[in-house]
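J.: Hey, dropping upload_5.pdb in here, PDB, N, CA and C atoms:
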```pdb
ATOM      1  N   MET D 606     -59.814 -29.986 -65.915
ATOM      2  CA  MET D 606     -59.286 -29.923 -64.561
ATOM      3  C   MET D 606     -59.478 -31.270 -63.878
ATOM      4  N   LYS D 607     -58.587 -31.566 -62.999
ATOM      5  CA  LYS D 607     -58.653 -32.841 -62.300
ATOM      6  C   LYS D 607     -59.590 -32.792 -61.105
ATOM      7  N   ILE D 608     -59.951 -31.610 -60.668
ATOM      8  CA  ILE D 608     -60.866 -31.447 -59.546
ATOM      9  C   ILE D 608     -62.099 -30.711 -60.064
ATOM     10  N   SER D 609     -63.268 -31.200 -59.726
ATOM     11  CA  SER D 609     -64.488 -30.573 -60.217
ATOM     12  C   SER D 609     -64.719 -29.217 -59.546
ATOM     13  N   ARG D 610     -65.514 -28.412 -60.199
ATOM     14  CA  ARG D 610     -65.868 -27.091 -59.659
ATOM     15  C   ARG D 610     -66.540 -27.241 -58.292
ATOM     16  N   ASP D 611     -67.377 -28.248 -58.140
ATOM     17  CA  ASP D 611     -68.041 -28.489 -56.853
ATOM     18  C   ASP D 611     -67.027 -28.767 -55.739
ATOM     19  N   LYS D 612     -66.000 -29.546 -56.048
ATOM     20  CA  LYS D 612     -64.990 -29.847 -55.035
ATOM     21  C   LYS D 612     -64.184 -28.602 -54.686
ATOM     22  N   ILE D 613     -63.879 -27.789 -55.688
ATOM     23  CA  ILE D 613     -63.159 -26.540 -55.423
ATOM     24  C   ILE D 613     -64.004 -25.644 -54.520
ATOM     25  N   ASN D 614     -65.285 -25.527 -54.819
ATOM     26  CA  ASN D 614     -66.176 -24.718 -53.970
ATOM     27  C   ASN D 614     -66.247 -25.279 -52.555
ATOM     28  N   HIS D 615     -66.294 -26.584 -52.444
ATOM     29  CA  HIS D 615     -66.353 -27.219 -51.121
ATOM     30  C   HIS D 615     -65.081 -26.927 -50.320
ATOM     31  N   ILE D 616     -63.929 -27.068 -50.970
ATOM     32  CA  ILE D 616     -62.659 -26.800 -50.294
ATOM     33  C   ILE D 616     -62.580 -25.350 -49.852
ATOM     34  N   SER D 617     -62.972 -24.425 -50.725
ATOM     35  CA  SER D 617     -62.922 -23.001 -50.351
ATOM     36  C   SER D 617     -63.885 -22.709 -49.204
ATOM     37  N   SER D 618     -65.020 -23.374 -49.183
ATOM     38  CA  SER D 618     -65.970 -23.196 -48.078
ATOM     39  C   SER D 618     -65.392 -23.713 -46.763
ATOM     40  N   LEU D 619     -64.698 -24.835 -46.812
ATOM     41  CA  LEU D 619     -64.065 -25.376 -45.605
ATOM     42  C   LEU D 619     -62.996 -24.427 -45.065
ATOM     43  N   ILE D 620     -62.233 -23.834 -45.955
ATOM     44  CA  ILE D 620     -61.199 -22.889 -45.533
ATOM     45  C   ILE D 620     -61.833 -21.682 -44.853
ATOM     46  N   VAL D 621     -62.867 -21.140 -45.473
ATOM     47  CA  VAL D 621     -63.534 -19.965 -44.900
ATOM     48  C   VAL D 621     -64.239 -20.322 -43.594
ATOM     49  N   ARG D 622     -64.802 -21.514 -43.515
ATOM     50  CA  ARG D 622     -65.437 -21.949 -42.272
ATOM     51  C   ARG D 622     -64.414 -21.973 -41.141
ATOM     52  N   ASP D 623     -63.196 -22.433 -41.436
ATOM     53  CA  ASP D 623     -62.131 -22.438 -40.446
ATOM     54  C   ASP D 623     -61.767 -20.999 -40.052
ATOM     55  N   PHE D 624     -61.715 -20.095 -41.016
ATOM     56  CA  PHE D 624     -61.440 -18.688 -40.708
ATOM     57  C   PHE D 624     -62.477 -18.127 -39.739
ATOM     58  N   ARG D 625     -63.744 -18.464 -39.964
ATOM     59  CA  ARG D 625     -64.827 -17.931 -39.117
ATOM     60  C   ARG D 625     -64.687 -18.391 -37.665
ATOM     61  N   LYS D 626     -64.125 -19.574 -37.455
ATOM     62  CA  LYS D 626     -63.957 -20.113 -36.105
ATOM     63  C   LYS D 626     -62.879 -19.378 -35.318
ATOM     64  N   ARG D 627     -61.989 -18.724 -35.997
ATOM     65  CA  ARG D 627     -60.840 -18.074 -35.350
ATOM     66  C   ARG D 627     -61.243 -16.684 -34.853
ATOM     67  N   GLU D 628     -61.396 -16.577 -33.572
ATOM     68  CA  GLU D 628     -61.821 -15.316 -32.966
ATOM     69  C   GLU D 628     -60.682 -14.310 -32.877
ATOM     70  N   GLU D 629     -59.447 -14.771 -32.966
ATOM     71  CA  GLU D 629     -58.304 -13.877 -32.820
ATOM     72  C   GLU D 629     -58.079 -13.009 -34.059
ATOM     73  N   ILE D 630     -58.819 -13.278 -35.132
ATOM     74  CA  ILE D 630     -58.645 -12.508 -36.362
ATOM     75  C   ILE D 630     -59.885 -11.646 -36.587
ATOM     76  N   ASP D 631     -59.642 -10.357 -36.828
ATOM     77  CA  ASP D 631     -60.729  -9.428 -37.134
ATOM     78  C   ASP D 631     -60.702  -9.162 -38.639
ATOM     79  N   TYR D 632     -61.684  -9.642 -39.343
ATOM     80  CA  TYR D 632     -61.702  -9.529 -40.790
ATOM     81  C   TYR D 632     -62.271  -8.192 -41.223
ATOM     82  N   LYS D 633     -61.588  -7.558 -42.165
ATOM     83  CA  LYS D 633     -62.024  -6.272 -42.709
ATOM     84  C   LYS D 633     -62.746  -6.450 -44.035
ATOM     85  N   VAL D 634     -62.862  -7.690 -44.476
ATOM     86  CA  VAL D 634     -63.537  -7.991 -45.740
ATOM     87  C   VAL D 634     -64.598  -9.055 -45.494
ATOM     88  N   ASP D 635     -65.516  -9.137 -46.441
ATOM     89  CA  ASP D 635     -66.549 -10.161 -46.378
ATOM     90  C   ASP D 635     -65.906 -11.516 -46.678
ATOM     91  N   LEU D 636     -66.142 -12.480 -45.821
ATOM     92  CA  LEU D 636     -65.511 -13.788 -45.999
ATOM     93  C   LEU D 636     -66.013 -14.515 -47.242
ATOM     94  N   ASN D 637     -67.180 -14.166 -47.728
ATOM     95  CA  ASN D 637     -67.629 -14.765 -48.987
ATOM     96  C   ASN D 637     -66.744 -14.278 -50.135
ATOM     97  N   ASP D 638     -66.304 -13.022 -50.077
ATOM     98  CA  ASP D 638     -65.371 -12.519 -51.088
ATOM     99  C   ASP D 638     -64.053 -13.283 -51.017
ATOM    100  N   VAL D 639     -63.635 -13.625 -49.823
ATOM    101  CA  VAL D 639     -62.416 -14.422 -49.638
ATOM    102  C   VAL D 639     -62.620 -15.802 -50.253
ATOM    103  N   ARG D 640     -63.773 -16.400 -49.998
ATOM    104  CA  ARG D 640     -64.079 -17.719 -50.561
ATOM    105  C   ARG D 640     -64.060 -17.676 -52.083
ATOM    106  N   LEU D 641     -64.645 -16.645 -52.654
ATOM    107  CA  LEU D 641     -64.661 -16.513 -54.113
ATOM    108  C   LEU D 641     -63.252 -16.355 -54.679
ATOM    109  N   GLU D 642     -62.410 -15.615 -53.974
ATOM    110  CA  GLU D 642     -61.030 -15.433 -54.429
ATOM    111  C   GLU D 642     -60.245 -16.743 -54.324
ATOM    112  N   ILE D 643     -60.464 -17.493 -53.265
ATOM    113  CA  ILE D 643     -59.815 -18.803 -53.126
ATOM    114  C   ILE D 643     -60.228 -19.701 -54.296
ATOM    115  N   THR D 644     -61.504 -19.693 -54.616
ATOM    116  CA  THR D 644     -62.019 -20.495 -55.729
ATOM    117  C   THR D 644     -61.379 -20.061 -57.044
ATOM    118  N   ARG D 645     -61.275 -18.755 -57.257
ATOM    119  CA  ARG D 645     -60.700 -18.230 -58.494
ATOM    120  C   ARG D 645     -59.233 -18.653 -58.629
ATOM    121  N   VAL D 646     -58.478 -18.510 -57.560
ATOM    122  CA  VAL D 646     -57.048 -18.842 -57.594
ATOM    123  C   VAL D 646     -56.852 -20.341 -57.799
ATOM    124  N   MET D 647     -57.610 -21.153 -57.092
ATOM    125  CA  MET D 647     -57.482 -22.605 -57.248
ATOM    126  C   MET D 647     -57.800 -23.015 -58.685
ATOM    127  N   THR D 648     -58.859 -22.464 -59.248
ATOM    128  CA  THR D 648     -59.246 -22.786 -60.620
ATOM    129  C   THR D 648     -58.147 -22.367 -61.592
ATOM    130  N   HIS D 649     -57.594 -21.179 -61.382
ATOM    131  CA  HIS D 649     -56.525 -20.669 -62.249
ATOM    132  C   HIS D 649     -55.302 -21.584 -62.193
ATOM    133  N   ILE D 650     -54.875 -21.960 -61.018
ATOM    134  CA  ILE D 650     -53.688 -22.811 -60.867
ATOM    135  C   ILE D 650     -53.933 -24.194 -61.474
ATOM    136  N   LEU D 651     -55.100 -24.758 -61.239
ATOM    137  CA  LEU D 651     -55.398 -26.073 -61.798
ATOM    138  C   LEU D 651     -55.444 -26.040 -63.322
ATOM    139  N   THR D 652     -55.922 -24.947 -63.894
ATOM    140  CA  THR D 652     -55.951 -24.791 -65.344
ATOM    141  C   THR D 652     -54.528 -24.722 -65.894
ATOM    142  N   ILE D 653     -53.667 -23.970 -65.229
ATOM    143  CA  ILE D 653     -52.270 -23.879 -65.651
ATOM    144  C   ILE D 653     -51.598 -25.251 -65.562
ATOM    145  N   GLU D 654     -51.855 -25.982 -64.485
ATOM    146  CA  GLU D 654     -51.264 -27.314 -64.334
ATOM    147  C   GLU D 654     -51.739 -28.260 -65.430
ATOM    148  N   GLU D 655     -53.004 -28.159 -65.795
ATOM    149  CA  GLU D 655     -53.538 -29.012 -66.855
ATOM    150  C   GLU D 655     -52.878 -28.680 -68.193
ATOM    151  N   LYS D 656     -52.707 -27.398 -68.475
ATOM    152  CA  LYS D 656     -52.052 -26.988 -69.718
ATOM    153  C   LYS D 656     -50.584 -27.409 -69.726
ATOM    154  N   ALA D 657     -49.918 -27.332 -68.584
ATOM    155  CA  ALA D 657     -48.523 -27.760 -68.482
ATOM    156  C   ALA D 657     -48.414 -29.259 -68.742
ATOM    157  N   ASP D 658     -49.350 -30.032 -68.216
ATOM    158  CA  ASP D 658     -49.376 -31.473 -68.452
ATOM    159  C   ASP D 658     -49.534 -31.763 -69.944
ATOM    160  N   GLU D 659     -50.471 -31.077 -70.584
ATOM    161  CA  GLU D 659     -50.700 -31.282 -72.015
ATOM    162  C   GLU D 659     -49.459 -30.913 -72.823
ATOM    163  N   ALA D 660     -48.831 -29.796 -72.492
ATOM    164  CA  ALA D 660     -47.646 -29.347 -73.227
ATOM    165  C   ALA D 660     -46.488 -30.323 -73.043
ATOM    166  N   ALA D 661     -46.285 -30.810 -71.828
ATOM    167  CA  ALA D 661     -45.200 -31.759 -71.566
ATOM    168  C   ALA D 661     -45.424 -33.053 -72.337
ATOM    169  N   ARG D 662     -46.652 -33.541 -72.347
ATOM    170  CA  ARG D 662     -46.966 -34.770 -73.080
ATOM    171  C   ARG D 662     -46.787 -34.573 -74.586
ATOM    172  N   LYS D 663     -47.190 -33.404 -75.068
ATOM    173  CA  LYS D 663     -47.039 -33.101 -76.495
ATOM    174  C   LYS D 663     -45.556 -33.066 -76.872
ATOM    175  N   THR D 664     -44.745 -32.459 -76.025
ATOM    176  CA  THR D 664     -43.306 -32.400 -76.279
ATOM    177  C   THR D 664     -42.716 -33.803 -76.326
ATOM    178  N   LEU D 665     -43.085 -34.634 -75.369
ATOM    179  CA  LEU D 665     -42.560 -36.005 -75.342
ATOM    180  C   LEU D 665     -43.030 -36.808 -76.558
ATOM    181  N   ALA D 666     -44.241 -36.558 -76.997
ATOM    182  CA  ALA D 666     -44.757 -37.269 -78.169
ATOM    183  C   ALA D 666     -44.020 -36.852 -79.438
ATOM    184  N   SER D 667     -43.426 -35.662 -79.427
ATOM    185  CA  SER D 667     -42.717 -35.175 -80.610
ATOM    186  C   SER D 667     -41.316 -35.772 -80.736
ATOM    187  N   TYR D 668     -40.861 -36.505 -79.756
ATOM    188  CA  TYR D 668     -39.557 -37.153 -79.836
ATOM    189  C   TYR D 668     -39.666 -38.310 -80.822
ATOM    190  N   THR D 669     -39.293 -38.071 -82.071
ATOM    191  CA  THR D 669     -39.491 -39.082 -83.107
ATOM    192  C   THR D 669     -38.307 -40.028 -83.257
ATOM    193  N   ALA D 670     -37.121 -39.594 -82.855
ATOM    194  CA  ALA D 670     -35.955 -40.467 -83.004
ATOM    195  C   ALA D 670     -36.141 -41.760 -82.212
ATOM    196  N   LYS D 671     -36.653 -41.620 -81.012
ATOM    197  CA  LYS D 671     -36.867 -42.789 -80.158
ATOM    198  C   LYS D 671     -38.139 -42.544 -79.352
ATOM    199  N   PRO D 672     -39.256 -43.102 -79.812
ATOM    200  CA  PRO D 672     -40.497 -42.900 -79.053
ATOM    201  C   PRO D 672     -40.355 -43.416 -77.624
ATOM    202  N   LEU D 673     -40.801 -42.621 -76.690
ATOM    203  CA  LEU D 673     -40.700 -42.994 -75.277
ATOM    204  C   LEU D 673     -42.013 -43.617 -74.813
ATOM    205  N   ARG D 674     -41.897 -44.633 -74.012
ATOM    206  CA  ARG D 674     -43.089 -45.249 -73.427
ATOM    207  C   ARG D 674     -43.384 -44.604 -72.093
ATOM    208  N   GLU D 675     -44.631 -44.204 -71.934
ATOM    209  CA  GLU D 675     -45.041 -43.609 -70.658
ATOM    210  C   GLU D 675     -44.854 -44.626 -69.544
ATOM    211  N   GLY D 676     -44.332 -44.124 -68.419
ATOM    212  CA  GLY D 676     -44.119 -44.989 -67.269
ATOM    213  C   GLY D 676     -42.686 -45.450 -67.107
ATOM    214  N   THR D 677     -41.878 -45.289 -68.165
ATOM    215  CA  THR D 677     -40.475 -45.649 -68.037
ATOM    216  C   THR D 677     -39.754 -44.553 -67.256
ATOM    217  N   ASP D 678     -38.602 -44.893 -66.708
ATOM    218  CA  ASP D 678     -37.826 -43.897 -65.954
ATOM    219  C   ASP D 678     -37.472 -42.702 -66.823
ATOM    220  N   GLU D 679     -37.046 -42.976 -68.054
ATOM    221  CA  GLU D 679     -36.671 -41.895 -68.962
ATOM    222  C   GLU D 679     -37.861 -40.968 -69.237
ATOM    223  N   TRP D 680     -39.022 -41.562 -69.505
ATOM    224  CA  TRP D 680     -40.225 -40.768 -69.770
ATOM    225  C   TRP D 680     -40.565 -39.927 -68.545
ATOM    226  N   ASP D 681     -40.541 -40.530 -67.367
ATOM    227  CA  ASP D 681     -40.885 -39.815 -66.143
ATOM    228  C   ASP D 681     -39.964 -38.624 -65.902
ATOM    229  N   ILE D 682     -38.669 -38.815 -66.121
ATOM    230  CA  ILE D 682     -37.703 -37.740 -65.900
ATOM    231  C   ILE D 682     -37.931 -36.601 -66.888
ATOM    232  N   LEU D 683     -38.088 -36.953 -68.163
ATOM    233  CA  LEU D 683     -38.305 -35.917 -69.183
ATOM    234  C   LEU D 683     -39.659 -35.228 -69.008
ATOM    235  N   TYR D 684     -40.673 -36.009 -68.637
ATOM    236  CA  TYR D 684     -41.986 -35.407 -68.387
ATOM    237  C   TYR D 684     -41.882 -34.372 -67.268
ATOM    238  N   GLN D 685     -41.259 -34.742 -66.168
ATOM    239  CA  GLN D 685     -41.139 -33.833 -65.019
ATOM    240  C   GLN D 685     -40.386 -32.566 -65.421
ATOM    241  N   LYS D 686     -39.321 -32.730 -66.207
ATOM    242  CA  LYS D 686     -38.526 -31.587 -66.667
ATOM    243  C   LYS D 686     -39.391 -30.629 -67.483
ATOM    244  N   HIS D 687     -40.101 -31.152 -68.477
ATOM    245  CA  HIS D 687     -40.924 -30.307 -69.349
ATOM    246  C   HIS D 687     -42.126 -29.727 -68.601
ATOM    247  N   TYR D 688     -42.700 -30.509 -67.710
ATOM    248  CA  TYR D 688     -43.838 -30.039 -66.904
ATOM    249  C   TYR D 688     -43.411 -28.853 -66.044
ATOM    250  N   GLU D 689     -42.281 -28.983 -65.371
ATOM    251  CA  GLU D 689     -41.792 -27.902 -64.516
ATOM    252  C   GLU D 689     -41.420 -26.665 -65.325
ATOM    253  N   GLU D 690     -40.883 -26.865 -66.532
ATOM    254  CA  GLU D 690     -40.576 -25.721 -67.396
ATOM    255  C   GLU D 690     -41.856 -24.960 -67.756
ATOM    256  N   GLU D 691     -42.917 -25.699 -68.065
ATOM    257  CA  GLU D 691     -44.186 -25.066 -68.407
ATOM    258  C   GLU D 691     -44.754 -24.302 -67.216
ATOM    259  N   LEU D 692     -44.670 -24.893 -66.029
ATOM    260  CA  LEU D 692     -45.159 -24.187 -64.834
ATOM    261  C   LEU D 692     -44.347 -22.925 -64.584
ATOM    262  N   ALA D 693     -43.040 -23.000 -64.790
ATOM    263  CA  ALA D 693     -42.173 -21.840 -64.561
ATOM    264  C   ALA D 693     -42.531 -20.684 -65.494
ATOM    265  N   LYS D 694     -43.010 -21.000 -66.699
ATOM    266  CA  LYS D 694     -43.429 -19.947 -67.627
ATOM    267  C   LYS D 694     -44.569 -19.112 -67.050
ATOM    268  N   HIS D 695     -45.335 -19.716 -66.151
ATOM    269  CA  HIS D 695     -46.477 -19.043 -65.516
ATOM    270  C   HIS D 695     -46.188 -18.606 -64.102
ATOM    271  N   GLY D 696     -44.945 -18.739 -63.699
ATOM    272  CA  GLY D 696     -44.558 -18.294 -62.363
ATOM    273  C   GLY D 696     -44.974 -19.224 -61.236
ATOM    274  N   ILE D 697     -45.185 -20.478 -61.557
ATOM    275  CA  ILE D 697     -45.599 -21.451 -60.538
ATOM    276  C   ILE D 697     -44.464 -22.416 -60.288
TER     277      ILE D 697
END
```
Give the structure from this file in structure tokens form.
T.:
Amino acid sequence: MKISRDKINHISSLIVRDFRKREEIDYKVDLNDVRLEITRVMTHILTIEEKADEAARKTLASYTAKPLREGTDEWDILYQKHYEEELAKHGI
């Protein structure tokens, strides 16, 4: 993952801290449970994104007719295409 577990926990804590400040909302659940769910979802999405990145790079590396150099316009376009296809497989 590109973001450490500590950073994910910190971000989820900041979100919940903001929720606690809002008096107009009456929570029917424990906000720590909300924080844990935010952490779980963020971790899940980041894992999917990492796998999509790996799959897109693997696909581009398999182009044997003409090896593509990372950073070229062609590589960037094909990478984005394959990356988005991988995310779509997971509903993202």
J.: Work out how far atom C of Ile620 (chain D) is from atom N of Glu659 (chain D), in Å to one decimal.
T.: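 Spanning atom N of Glu659 (chain D) to atom C of Ile620 (chain D) is a straight-line distance of 29.7 Å.
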J.: Between atom N of Ala660 (chain D) and atom N of Pro672 (chain D), what is the distance, to one decimal in Å?
T.: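 These atoms are spaced 18.0 Å apart.
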J.: Would you list the contacts of Ser617 (chain D) as an MDAnalysis selection string, taking every protein, DNA or RNA residue within 12 Å and counting only C-alpha atoms, but skipping same-chain residues closer than 3 positions in sequence?
T.: chainID D and resid 610:614 620:624 636:648
J.: Taking into account only N, CA and C atoms, which residue in the set D:Ala657, D:Glu675, D:Leu665, D:Leu651 is nearest to Ile608 (chain D)?
T.: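 Once distances to Ile608 (chain D) are computed over only N, CA and C atoms, the minimum belongs to D:Leu651.
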J.: Quote the spacing between CA of Glu691 (chain D) and CA of Ala670 (chain D) in Å to one decimal place.
T.: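 A separation of 22.8 Å between them.
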J.: How big is the axis-aligned box around all listed atoms of region 649-666 of chain D once 8 Å goes on each side, and where's its centre, in Å to one decimal, as AutoDock Vina command-line options?
T.:
```
--center_x -50.1 --center_y -29.0 --center_z -70.2 --size_x 31.0 --size_y 32.6 --size_z 34.6
```
